[in-house]
Structures are given as structure tokens and as C-alpha cells.
There are 4 protein chains.
Amino acid sequence: MKKAISVVGGDLRVVRLVEMLIDDGYKVYTYGLEMSEELLNLDVEMCSTVEETVSKSKVVVGPIPLSSDRKNVSMPFSKVKLSLDDFLKVLKGKNLIAGNILESFKDELDKEKMPFIDLLKREEFAVLNAIATAEGTIQIIMEETGRTIHGSKVLVLGFGRIGKVLSKMLDGIGAKVSCEARKDEDLAWAKAYGFDPIDLDDLNGRLGDYEIIINTIPFQILNSERLELVKKDVILVDLASNPGGVDRKVAREKNLKLIWALSLPGKVAPVTSAEYIKEVLYHVLEEI
Amino acid sequence: MKKAISVVGGDLRVVRLVEMLIDDGYKVYTYGLEMSEELLNLDVEMCSTVEETVSKSKVVVGPIPLSSDRKNVSMPFSKVKLSLDDFLKVLKGKNLIAGNILESFKDELDKEKMPFIDLLKREEFAVLNAIATAEGTIQIIMEETGRTIHGSKVLVLGFGRIGKVLSKMLDGIGAKVSCEARKDEDLAWAKAYGFDPIDLDDLNGRLGDYEIIINTIPFQILNSERLELVKKDVILVDLASNPGGVDRKVAREKNLKLIWALSLPGKVAPVTSAEYIKEVLYHVLEEI
Amino acid sequence: MKKAISVVGGDLRVVRLVEMLIDDGYKVYTYGLEMSEELLNLDVEMCSTVEETVSKSKVVVGPIPLSSDRKNVSMPFSKVKLSLDDFLKVLKGKNLIAGNILESFKDELDKEKMPFIDLLKREEFAVLNAIATAEGTIQIIMEETGRTIHGSKVLVLGFGRIGKVLSKMLDGIGAKVSCEARKDEDLAWAKAYGFDPIDLDDLNGRLGDYEIIINTIPFQILNSERLELVKKDVILVDLASNPGGVDRKVAREKNLKLIWALSLPGKVAPVTSAEYIKEVLYHVLEEI
Amino acid sequence: MKKAISVVGGDLRVVRLVEMLIDDGYKVYTYGLEMSEELLNLDVEMCSTVEETVSKSKVVVGPIPLSSDRKNVSMPFSKVKLSLDDFLKVLKGKNLIAGNILESFKDELDKEKMPFIDLLKREEFAVLNAIATAEGTIQIIMEETGRTIHGSKVLVLGFGRIGKVLSKMLDGIGAKVSCEARKDEDLAWAKAYGFDPIDLDDLNGRLGDYEIIINTIPFQILNSERLELVKKDVILVDLASNPGGVDRKVAREKNLKLIWALSLPGKVAPVTSAEYIKEVLYHVLEEI
């Protein structure tokens, strides 16, 4: 008899994972993926209730992130809604693998001694995500601009995980890269890696230099005052999650080209991500 | 009175050029661009005959390449056709700026002592084109694959202008790059630049290693025999112009993912190209 | 009247700093630099006691590191010895700028409310030191080997500050770089930056692959067992301070080529370091 | 019986080659290497005449370059002199492997139908030499300067083989690299590779910007006029063979730091070179 795996919600990464699991000979039970056309022709068991899905296996794979609105399980390929509370109720006795699990949800899992793995807390997956986000950002810029990235002046706001990987790739394509950061440590590293470091205090005087500006900071750094200072035909890419790092109302009023790009890893590298999740999943299956 | 410029045919690069010329205060007369929506709202003089267009200025800007089919002037934004012969007749006494002008056409121009500039013979423009082609190729790969380019094994067939720039950019994004070439010189340089060099004689034994294969050689290198050796889920990108470097019939039969990508510079970097053409154009205008 | 600066001990970086200060119009009083030939022809006031030197200015520049043996002030350009205890006594009321100040010494300074700056705690200086150490290491390898670094297989043990910068530079010269680390985070980053990551657990099986091995870890990682596994003609460079990361006795018995390279920044980049110290010094002078 | 190889003259590369041949079981007969200490303890047959040496094998390995003064065979490890004419006389019926063989000498060889291989005409060896020259240049700069190369402004004069490889490596270490060239093609490529291209016509206005200037052009580009324009503390490295690319008399008068660095491959990468020569040699031995 085939081994069973339960899958609830998720984006294209989870769809790819389901395909791989079936290829590997698993029986896969899903909930919240009924709109995925790719799965329609496969031998997937789409259950009508989350209880049924979860009951089939000791391990439940959930979305990355688990929730986008802090209330419901993230199910972009579904018409129904599943609240975090309802999901929690059916998880009893199960192992959960998902991403960016809310602290309050983790507390509940801990209370019930339910084991879980938060994929985004694993450095390797987080770096993989940064790589995919960087590539997705480059793809967006290429699609949006009539210029070559090579030779363009690009400003990356923030020198965290995404800022580091993105700056390296942009430089690798031939852009002239400046990196804004607040911390001395980050500025020193930006310089060490050969980028032009820009202290937040000096940002305003430099904003007009760039053809492309990418924000990675979860804070509204490009406020109305700073949006006065950018080039009229600049391309702004905001990678920060809600509420974003750019004053969108002002950007619209000034007719600036702004792309708010979220959840890139699921869109641009679902296969690479699915392979990684599969690896973690099989590791868990061996241990239980 | 405004200075006049005549423009005949061309792709998005020429459209962008026309916009820039108008911004700079020129009166622009066009033929063969009537389908370009961008130009409809601008103060462009779209003439009904090529004779009228050409008569307005001593300099005529033509398409890049001048012709795609060796018979007619390349006019993707037009419903009408203009043969090379008819174009030649109206050019008398004019300066032509275009790309990839056929040798036979050049001979005719020379015969009549008509000066011309072949943009693609200018190394700076040719390298700019290679950069734009490389970026366009990367964009296509990003759009077509569910994997990150970072960490992927990529094979570039041919180490000419495009092969060199493309390999460098792929490496800059984090791919593992191999470069196939025939000449010892090219193999030595591939190695010097840090890529894995593959002699054409050893190609067959290596073809199965790659997730992505890009052809830059104007020769059917990926014939039916070699297409037997690639991965089933490989992504093939063919940058060679007609008839291309991949046996398309066999690729289709084997259900391989093949993208035949032509004329990328005009699609992905029309602005950068237009700026360059404008520079050459102004230089010519000063001299006549 | 000229402003005065007091300088006690230090290596070539401090010598270069003294030269720059004189060029800038300062009167410099030194102790513990009498063997520096460069200073003999300059208008430096070499005092016979540390008390006299220190009395001339409110700011005292000391060595980097302050002490190499945890007992005496580091004075490689002097024949006399100055204990940390004696130095502490004369510092009362002064501002000290030095490097790697021992915790116990800092406690004493704090007790007396004496302000100090530990240069090596400043990220920018620490990164500058890592860059200088990396360049010095490359110079040593170039001097010691009859091979090109380009194309060589190099293993870097440890992926901290020096490991990161050194790996990047070696890759920039064309080496095939592997990076050993223990932490998942470091391994993920090594991979993200395009190096071959090696988990400590897999190290033994890989040690025989490398022509050059560089240790940056302050721990005897290349013990007698592991030294059995390296190539006979490997070049070992140990950057770890006393007692070092290589079992030197065993390396000697096995006739391995081992270079124990310490204090590289002072040797290979005294000018760049001196410029940085001067900047910090002038900043302090402005504030007091 | 052991196979025999004849070796005449040569630098450290040839010495390393002799060691390798002995390791591989060959009997090696030498002339013009008697001052090499490394060979004294080995089982080498040092003949007293070039005739005797040459008589022992059908293949004769000569120096790289064959001659430094266009008159005598290059024998830095010998006290005696051997003219090219005398060498030619004894070569009859032999295969010669050497480097940079003069055209007139080649003509003589051709006349007598004597086969030869000019190693420096083989692209792979020429690129290997460029790599070794670039690494040697970096080593020299590191030894001569008290600054880090990282962050320094470096100018490379000439964008041929050495210019290309050297610029890439300097950039890989973190220098800010400008490349001077005359040809549009070279300038376009310098830009494509991410370096700052400088047209010869604009050189004078830029010379004062650089901390390090390296010449690769066999032409006195840094004449007295241009030497007026460089920084007082610039480091000049001249890689051009006699008479060099820098007016040495003027450089000395102005007390500029000038290093004239010749024959770097033999000094910095004799082992890598010897391995390559051995490969070519064995290939020839198989064929005759």
C-alpha cells in the first residue's frame, strides 16, 4: 500500500511538491488546492473537508507562509476559506510543515505538544528564498524597462539577506550598484563586496542618481518627501510586505512607475522550493 | 524652423528613437511605422509614400536589420511592404543609417556614391546588442523555468560575442556555466574566464548534464542525434537566426521545451539602443 | 603652536600614522618606536619615558593589538618592555585609541572613567583588516607556490569575516574555492556566494582534493589525523593566532609546507590602516 | 632502457620540467643549466657540449623565449653563451620545442625541413602565460604598496591578452579598474566587462587619478610629458619588454616608483608552465 501525505493550501510550490510526491509513489490527499489546473489530471485525492485530508497522514504540509492575513490559512488555489483556528483544531497529533508560522499559532502547537517545522526559520530555505526573490526582481526589472540592466545605476535599499544576494546578482549582470543601509556593519560589508555604500543620512542627496530603485526594508523609507527626489522615469520595485516601503498614494499621484512585488519565490522558483520542501518532508517521515 | 529627420521602417528601437527626436525638437517624417500605437499621439508626420518621407531630410534612418527576408525592408509596425529595390531608388543623394545592410545593397550604394552607416558593423553597437541579447535570454529563461538560475547547470554553445557576455552574466547570477567551442583559442579563453570549457568533440558525452542549453551558433548543432542526449526537461533557447541551430521538428516530436528567440535587442532594450542610434545620427548630422 | 599627539608602541601602521600626522602639522611624541628607521629622519620627539610621552597630549595612540602576550604593550620597534600595568598607571585622564584591548584592561579603564576606543571593535576597521589579511594571504600563496592560483583548488576553513573576503578574492582570481563551516547558516551563504560548501562532518573525505588549504579558525582543526589526509605537496596557510589551527609538530614531521601568517594587516596595508586610524583620531580630537 | 630527452637552456620552467621528466622515468641530458641548484642533486646528465646533449634525443626542449637578445640562446642558469647560429647548426634532424622563436630562425628551420613547435604561438599556452603574468603583477603590487589593492584606483594600459586577464583579476580583488585602449573594439569590450574604458585621446586628463598604473603596451606610452601628470606616489609597473613603455630616465629623475617586470611566468608559475610543456612534449614524442 502506498504511503499517504496530507497537504492543505499553499501556492505553486506546494502544487509542484504534490506532483513530485505522486511521481515518487505517494498517495496525496489535498484540501484547498481545487483550483489548481495542474493537479486536475493527476491521481490526487482532493477531499471535501480539511478533517478528512488531515486524517490520512501523520504529516501535514501547509502553506508558505501559513497565513497572509493573520486570520486564514493561505489558499490561493481555493475558493473556500479556512481559519487558522479551525485548522489548529484538526491538527491534533500531527506534524506540521509550513512557513512563517505566527508566534501565537506556535504557542498553541507547543501547548498541545504538536511538533512543527517552520521552513522559513531554516537558514538554507531562507537563503534559497532570497535567491529566488532576487532572480524574480531581476526578471521584473527586465520586463519593465526598455534599457539594459548592464550599465544602469541601481540603488538597493537595505542590505539584509535579499539586499546582499540581489546586489551581487545585479553587479554580476553589469549594473552599477549602490547599497543603502543604516548600520555601520552593513555599510562596511557593502564596501567590502565592492558596492557603493550609502548611509541612510546621505540618502536624500543621492536619490536622483538612479534609474532603478529596489526596496527590501519593511518600513516606509520612500515617503512623500523622498519621492520628490527620484528621477521622473525611475523604476521602483518594492519587495516589502504590507504596508510596503513606498508611499503608494504619492507614487501614483506623481505617476511614478512602481511595482509592488510580493511572494516571488512561489512564483519564480516553485520547483527548486518544492525540491527543498520534499527533502525536509522525507527527513521528517523517516524520524516519525 | 525645426530640423527634419526621415525614418523608414524599424522596430521598437526606431519607435523610441522617434520619441526622443521629437523631445529634442526635431520634425520627424516616417514611413512604415503606422501601426505603432506609441507614435499615434505624438506630433509625427506619417507620410503616405516613402518618396515623400525620404525627401524631407538628408539623413534617412532605416531598420536594424535593414531586411529580415533579404527582399523587403523590415517593417514590423506596418501593413505595407517595401522592397529593397524600391527603397534603393528613393535613397539617391541621402545618407542611410541602418543595421546589417546586405553586401549587394552596399554595393549599389557604393556605386551611386551614397554614404551609409551600418550600425551592426560598429563594435560598440554590436557589443551593446550582445549585452541586450544576453539579458533578453536570461529573462526568457527566468520566465520559462520554475527553478532558480542560481545553482543550475547551463551550457552555452558558441563563445563569440554573445556567448562571452551571456556566460559572464549567467555566472554573475550564480549558474554553473560550461562553454562549448571549436577553436582552441575560444576554449582557452573560456577557461581563463573561469567557465568549464567543452570541446565540440566532447560535446555528446556532456549534453545530458544540463538543465539549460543556449545556442548562439548559426549552424544546426543540436541535430536529431544530439537531441537524443539531452535531459527530458531541459530548457533549450536558440538564439541563431533562420534556420536556427536546433532541429525543430525533432525537438517537437520529442516534446522538448524549445524557445527560438530572435531580435531580442529590439524587444528588451529599445531605449538603450535608441540612445545609441541617436548619438550616431547627431554625429552624422553635424558632418553633413 | 602646533597641536601635540602622543604615540606609544605599535607596528608599521603606527609608524605610517606618525608620518601622516607630521605631514598634517602635528608635533608627535613617541615612546617605544626608537627602532623604526623611517622615523629617524623625521621631526619626531622620541621621549625617554612613557610618562613624558603621555603627558604631551590628551589623546594617546597605542598598538593594534594593544598586547600580543597579554602582559606587555606590543612594541615591535623597541628594545624596551612596557607592562600593561605600568601603561595603565600613566594613562589617567587620557583618551586611549588602540586595538583589541583586553577585557581586564577595559575594566580598569572603565573603573577610572577613562574613555577609550577599541579600533578592532569598529566594524569598518575589522572589515578593513579582513581585506588586508586576505590580500596578505594571497601574496603569501603567490610567493610560495610555483603554480597559478587561477585554476587551483583551494579550501578555506571557516566562513567568518576573513573566510568570506578571502573566498571572494580567490574566486576573483580564478581559483576553485571550497568553504568549510560548521553552521548551517554559513554553509548556506557559502553556497549562495557560489562557493562549494563543505560541512565539517564531510571534511575528512575532501581534504585530499586541495592544492592550497587556508585556515581561519582559532581551533586546531588540522590535527594529526587530518594531516594524514592532505596532499603531500599541499600549501597550508594558518591565519589563526596562537596556538594556531594546525598541529605544527606533525606538519613538520610529515615535511608539509606550512606558513603561519600572523599580523598581516600591519605588514601588507599599513598605509590604508594608518589613514583609517587618523580619521578616528581626528574625530576624537574634535570632540574633546 | 630509459627514454632520453635533450634540454638546452631555459629558466625555472625548464628546471621544473626536467624534475618532472626524471620523476616520470626519463633520462634527461642538459646543456646550459649547470647553475641550477635544484638540478645538482638529481640524476641529470649535464653534458659539456651542446652537440652531445642534442645527440641524445630526437626532441630538443629549448628556452621560452628562445632568445632574449636576438643573438644568443636564453640561458639564465648558465655561465656560458650559445649563439643562435651555433644552436641552429646542431639541431639538424631534430624536433625543437621552444617559445617565441624568431622569424629568421624559423625560416632557417623551414629551409632544412626541421619541425618545431613555438609554444607561445599556441593559444592555450599564451593565455596561461597571460594568467601567470597577471598573478605576478598582482604579487609585485602587493609587495610594493602599503595599501590594499581592494578599493585602489588602478589603470591598465592596453586591453590585449594580459590587459584582459589582469583587469578581471584586479576587479576580482576589489580594485576600481580603468582600461586604456586605442581601438573602439577594445574600449567596447572593456565596458562590457564592467571596467571604466579610457580612450587614448582622453588619457592625459585622467592620469592623475590612479594609485597604480600598469603598462602592457610595447610602446613608450608613458613618455616624459605624461609622467608629469601622474600622482607623486603612484606605483608604476611596466610589463612591456625592452625598451619598455615608460621613459625610465624621466621616471628616475622624478623619483617615481617604477617596477619593470619581465619574464613573470617563469618566475611565478614555473610548475604550471612545466606541466603544460610536458603535455606538448609527450604529444610530440608519441607522433615521431
# chains A, B, ... in the order shown; residues from 1 in each chain; ligands from 1
$ residues_around --residues "Ser36 of chain A" --least-positions-apart "6" --cutoff "10 Å" --atoms "only C-alpha atoms" --output "PyMOL selection string"
chain A and resi 11-12+15+76-78
$ interface_residues --of "chain D" --to "chain C" --cutoff "7 Å" --atoms "only C-alpha atoms" --output "PyMOL selection string"
chain D and resi 132+139+142+146-148+169+172-173+268-272
$ residues_around --residues "segment 213-230 of chain C" --least-positions-apart "3" --cutoff "8 Å" --atoms "only C-alpha atoms" --output "PyMOL selection string"
chain C and resi 154-160+162-163+204+207-210+234-241+243-247+250-251
$ select_by_dssp --residues "segment 33-166 of chain A" --states "strand (DSSP E or B)" --output "PyMOL selection string"
chain A and resi 45-46+59-61+72+83+95-98+116-118+153-157
$ residues_around --residues "Val50 of chain A" --least-positions-apart "3" --cutoff "8 Å" --atoms "only C-alpha atoms" --output "ChimeraX atom specification"
/A:8,31,47,53-54,87,90
$ write_last_selection --atoms "all heavy atoms" --output "mmCIF file, in the first residue's frame"
data_model
loop_
_atom_site.group_PDB
_atom_site.id
_atom_site.type_symbol
_atom_site.label_atom_id
_atom_site.label_comp_id
_atom_site.auth_asym_id
_atom_site.auth_seq_id
_atom_site.Cartn_x
_atom_site.Cartn_y
_atom_site.Cartn_z
ATOM 1 N N VAL A 8 -2.454 20.816 2.826
ATOM 2 C CA VAL A 8 -3.536 21.796 2.989
ATOM 3 C C VAL A 8 -3.068 23.159 2.490
ATOM 4 O O VAL A 8 -2.105 23.722 3.021
ATOM 5 C CB VAL A 8 -3.976 21.894 4.465
ATOM 6 C CG1 VAL A 8 -5.024 22.985 4.638
ATOM 7 C CG2 VAL A 8 -4.506 20.551 4.948
ATOM 8 N N TYR A 31 -6.435 19.516 0.458
ATOM 9 C CA TYR A 31 -7.577 20.381 0.751
ATOM 10 C C TYR A 31 -7.143 21.807 0.407
ATOM 11 O O TYR A 31 -6.030 22.218 0.733
ATOM 12 C CB TYR A 31 -7.980 20.296 2.228
ATOM 13 C CG TYR A 31 -9.175 21.154 2.560
ATOM 14 C CD1 TYR A 31 -10.469 20.728 2.240
ATOM 15 C CD2 TYR A 31 -9.014 22.394 3.176
ATOM 16 C CE1 TYR A 31 -11.577 21.506 2.521
ATOM 17 C CE2 TYR A 31 -10.120 23.186 3.465
ATOM 18 C CZ TYR A 31 -11.398 22.746 3.133
ATOM 19 O OH TYR A 31 -12.491 23.535 3.421
ATOM 20 N N CYS A 47 -9.968 16.063 -1.046
ATOM 21 C CA CYS A 47 -11.015 15.789 -0.063
ATOM 22 C C CYS A 47 -11.937 16.992 0.063
ATOM 23 O O CYS A 47 -11.558 18.129 -0.214
ATOM 24 C CB CYS A 47 -10.405 15.492 1.294
ATOM 25 S SG CYS A 47 -9.090 14.243 1.228
ATOM 26 N N THR A 53 -8.741 15.241 4.966
ATOM 27 C CA THR A 53 -7.386 15.348 4.438
ATOM 28 C C THR A 53 -6.352 15.059 5.519
ATOM 29 O O THR A 53 -5.454 14.227 5.353
ATOM 30 C CB THR A 53 -7.141 16.774 3.880
ATOM 31 O OG1 THR A 53 -8.105 17.023 2.863
ATOM 32 C CG2 THR A 53 -5.745 16.901 3.317
ATOM 33 N N VAL A 54 -6.507 15.768 6.617
ATOM 34 C CA VAL A 54 -5.521 15.672 7.691
ATOM 35 C C VAL A 54 -5.485 14.275 8.301
ATOM 36 O O VAL A 54 -4.429 13.796 8.751
ATOM 37 C CB VAL A 54 -5.823 16.749 8.749
ATOM 38 C CG1 VAL A 54 -5.044 16.498 10.022
ATOM 39 C CG2 VAL A 54 -5.522 18.133 8.180
ATOM 40 N N PHE A 87 -8.114 25.288 11.500
ATOM 41 C CA PHE A 87 -7.002 24.428 11.091
ATOM 42 C C PHE A 87 -6.334 23.817 12.321
ATOM 43 O O PHE A 87 -6.035 22.622 12.371
ATOM 44 C CB PHE A 87 -6.002 25.254 10.279
ATOM 45 C CG PHE A 87 -4.911 24.449 9.608
ATOM 46 C CD1 PHE A 87 -5.193 23.214 9.016
ATOM 47 C CD2 PHE A 87 -3.611 24.919 9.548
ATOM 48 C CE1 PHE A 87 -4.197 22.475 8.383
ATOM 49 C CE2 PHE A 87 -2.608 24.192 8.924
ATOM 50 C CZ PHE A 87 -2.899 22.969 8.349
ATOM 51 N N VAL A 90 -7.954 20.651 13.874
ATOM 52 C CA VAL A 90 -7.825 19.342 13.236
ATOM 53 C C VAL A 90 -6.387 18.821 13.229
ATOM 54 O O VAL A 90 -6.139 17.692 12.814
ATOM 55 C CB VAL A 90 -8.342 19.372 11.769
ATOM 56 C CG1 VAL A 90 -9.798 19.805 11.728
ATOM 57 C CG2 VAL A 90 -7.466 20.266 10.900
#
$ residues_around --residues "Glu108 of chain A" --least-positions-apart "2" --cutoff "12 Å" --atoms "only C-alpha atoms" --output "list in words"
Leu84, Asp85, Phe87, Leu88, Lys89, Leu91, Lys92, Ile101, Leu102, Glu103, Ser104, Phe105, Lys106, Asp110, Lys111, Glu112, Lys113, Met114, Pro115 and Phe116 of chain A
$ atom_distance --atom1 "atom CA of Thr137 of chain B" --atom2 "atom CA of Ala261 of chain B"
7.7 Å
$ select_by_dssp --residues "segment 67-158 of chain D" --states "alpha helix (DSSP H)" --output "PyMOL selection string"
chain D and resi 84-90+103-111+123-144
$ write_last_selection --atoms "N, CA, C and O atoms" --output "compact mmCIF listing (two decimals), in the first residue's frame"
# COMPACT_ATOMS: atom_id res chain seq x y z
N LEU D 84 72.65 31.75 -31.40
CA LEU D 84 71.56 31.13 -32.15
C LEU D 84 72.11 30.37 -33.35
O LEU D 84 71.64 29.28 -33.69
N ASP D 85 73.15 30.93 -33.99
CA ASP D 85 73.73 30.29 -35.16
C ASP D 85 74.32 28.92 -34.81
O ASP D 85 74.08 27.93 -35.50
N ASP D 86 75.08 28.89 -33.70
CA ASP D 86 75.68 27.61 -33.30
C ASP D 86 74.60 26.60 -32.91
O ASP D 86 74.74 25.40 -33.16
N PHE D 87 73.53 27.10 -32.28
CA PHE D 87 72.45 26.21 -31.88
C PHE D 87 71.80 25.60 -33.12
O PHE D 87 71.54 24.40 -33.20
N LEU D 88 71.58 26.46 -34.12
CA LEU D 88 70.93 26.01 -35.35
C LEU D 88 71.71 24.87 -36.00
O LEU D 88 71.12 23.88 -36.46
N LYS D 89 73.05 25.01 -35.98
CA LYS D 89 73.89 24.00 -36.64
C LYS D 89 73.68 22.60 -36.09
O LYS D 89 73.69 21.62 -36.82
N VAL D 90 73.54 22.51 -34.75
CA VAL D 90 73.46 21.18 -34.14
C VAL D 90 72.05 20.59 -34.14
O VAL D 90 71.84 19.44 -33.77
N GLU D 103 61.44 34.94 -36.35
CA GLU D 103 61.04 34.60 -37.71
C GLU D 103 62.22 34.09 -38.53
O GLU D 103 62.12 33.11 -39.28
N SER D 104 63.39 34.77 -38.39
CA SER D 104 64.56 34.39 -39.19
C SER D 104 65.01 32.97 -38.81
O SER D 104 65.41 32.19 -39.67
N PHE D 105 64.91 32.65 -37.55
CA PHE D 105 65.30 31.31 -37.10
C PHE D 105 64.31 30.27 -37.65
O PHE D 105 64.70 29.20 -38.11
N LYS D 106 63.02 30.64 -37.62
CA LYS D 106 62.01 29.74 -38.17
C LYS D 106 62.26 29.49 -39.66
O LYS D 106 62.11 28.37 -40.14
N ASP D 107 62.64 30.55 -40.36
CA ASP D 107 62.91 30.41 -41.79
C ASP D 107 64.01 29.38 -42.02
O ASP D 107 63.92 28.53 -42.92
N GLU D 108 65.05 29.46 -41.20
CA GLU D 108 66.16 28.51 -41.33
C GLU D 108 65.69 27.09 -41.05
O GLU D 108 66.05 26.15 -41.75
N LEU D 109 64.88 26.94 -40.00
CA LEU D 109 64.35 25.61 -39.66
C LEU D 109 63.53 25.06 -40.82
O LEU D 109 63.65 23.90 -41.21
N ASP D 110 62.68 25.93 -41.37
CA ASP D 110 61.85 25.52 -42.50
C ASP D 110 62.69 25.09 -43.70
O ASP D 110 62.40 24.10 -44.36
N LYS D 111 63.75 25.86 -43.93
CA LYS D 111 64.62 25.58 -45.06
C LYS D 111 65.18 24.16 -44.97
O LYS D 111 65.28 23.44 -45.96
N GLU D 123 47.61 29.07 -28.45
CA GLU D 123 46.76 29.98 -27.69
C GLU D 123 46.65 29.57 -26.23
O GLU D 123 46.67 30.40 -25.33
N GLU D 124 46.56 28.29 -25.97
CA GLU D 124 46.38 27.86 -24.60
C GLU D 124 47.58 28.26 -23.74
O GLU D 124 47.44 28.72 -22.61
N PHE D 125 48.79 28.09 -24.29
CA PHE D 125 50.00 28.46 -23.54
C PHE D 125 50.09 29.98 -23.40
O PHE D 125 50.49 30.49 -22.36
N ALA D 126 49.70 30.69 -24.45
CA ALA D 126 49.75 32.15 -24.41
C ALA D 126 48.79 32.69 -23.34
O ALA D 126 49.11 33.62 -22.60
N VAL D 127 47.60 32.07 -23.25
CA VAL D 127 46.64 32.51 -22.23
C VAL D 127 47.17 32.14 -20.84
O VAL D 127 47.09 32.93 -19.90
N LEU D 128 47.73 30.93 -20.72
CA LEU D 128 48.34 30.52 -19.45
C LEU D 128 49.40 31.53 -19.04
O LEU D 128 49.51 31.92 -17.87
N ASN D 129 50.22 31.97 -19.99
CA ASN D 129 51.24 32.97 -19.71
C ASN D 129 50.63 34.29 -19.27
O ASN D 129 51.15 34.95 -18.37
N ALA D 130 49.53 34.67 -19.90
CA ALA D 130 48.87 35.91 -19.50
C ALA D 130 48.36 35.79 -18.07
O ALA D 130 48.46 36.74 -17.28
N ILE D 131 47.82 34.65 -17.72
CA ILE D 131 47.33 34.43 -16.35
C ILE D 131 48.48 34.54 -15.36
O ILE D 131 48.39 35.21 -14.34
N ALA D 132 49.61 33.86 -15.68
CA ALA D 132 50.76 33.90 -14.78
C ALA D 132 51.32 35.32 -14.68
O ALA D 132 51.71 35.77 -13.60
N THR D 133 51.36 36.03 -15.80
CA THR D 133 51.86 37.40 -15.79
C THR D 133 50.95 38.28 -14.91
O THR D 133 51.43 39.10 -14.13
N ALA D 134 49.65 38.08 -15.04
CA ALA D 134 48.71 38.87 -14.25
C ALA D 134 48.89 38.59 -12.76
O ALA D 134 48.96 39.51 -11.94
N GLU D 135 49.03 37.32 -12.40
CA GLU D 135 49.23 37.00 -10.98
C GLU D 135 50.55 37.55 -10.48
O GLU D 135 50.63 38.08 -9.36
N GLY D 136 51.59 37.46 -11.29
CA GLY D 136 52.88 38.00 -10.89
C GLY D 136 52.81 39.51 -10.68
O GLY D 136 53.42 40.05 -9.76
N THR D 137 52.05 40.18 -11.54
CA THR D 137 51.90 41.63 -11.41
C THR D 137 51.19 41.98 -10.10
O THR D 137 51.58 42.91 -9.39
N ILE D 138 50.15 41.21 -9.78
CA ILE D 138 49.43 41.45 -8.54
C ILE D 138 50.34 41.23 -7.34
O ILE D 138 50.34 42.00 -6.38
N GLN D 139 51.15 40.17 -7.41
CA GLN D 139 52.09 39.91 -6.33
C GLN D 139 53.05 41.09 -6.14
O GLN D 139 53.30 41.55 -5.02
N ILE D 140 53.58 41.60 -7.25
CA ILE D 140 54.50 42.74 -7.18
C ILE D 140 53.82 43.95 -6.55
O ILE D 140 54.38 44.61 -5.66
N ILE D 141 52.62 44.24 -6.98
CA ILE D 141 51.91 45.40 -6.42
C ILE D 141 51.70 45.21 -4.92
O ILE D 141 51.92 46.12 -4.12
N MET D 142 51.29 43.99 -4.54
CA MET D 142 51.09 43.73 -3.11
C MET D 142 52.37 43.94 -2.32
O MET D 142 52.36 44.46 -1.21
N GLU D 143 53.50 43.52 -2.90
CA GLU D 143 54.78 43.66 -2.19
C GLU D 143 55.23 45.11 -2.12
O GLU D 143 55.89 45.51 -1.17
N GLU D 144 54.88 45.90 -3.13
CA GLU D 144 55.43 47.25 -3.22
C GLU D 144 54.58 48.31 -2.54
O GLU D 144 55.05 49.40 -2.27
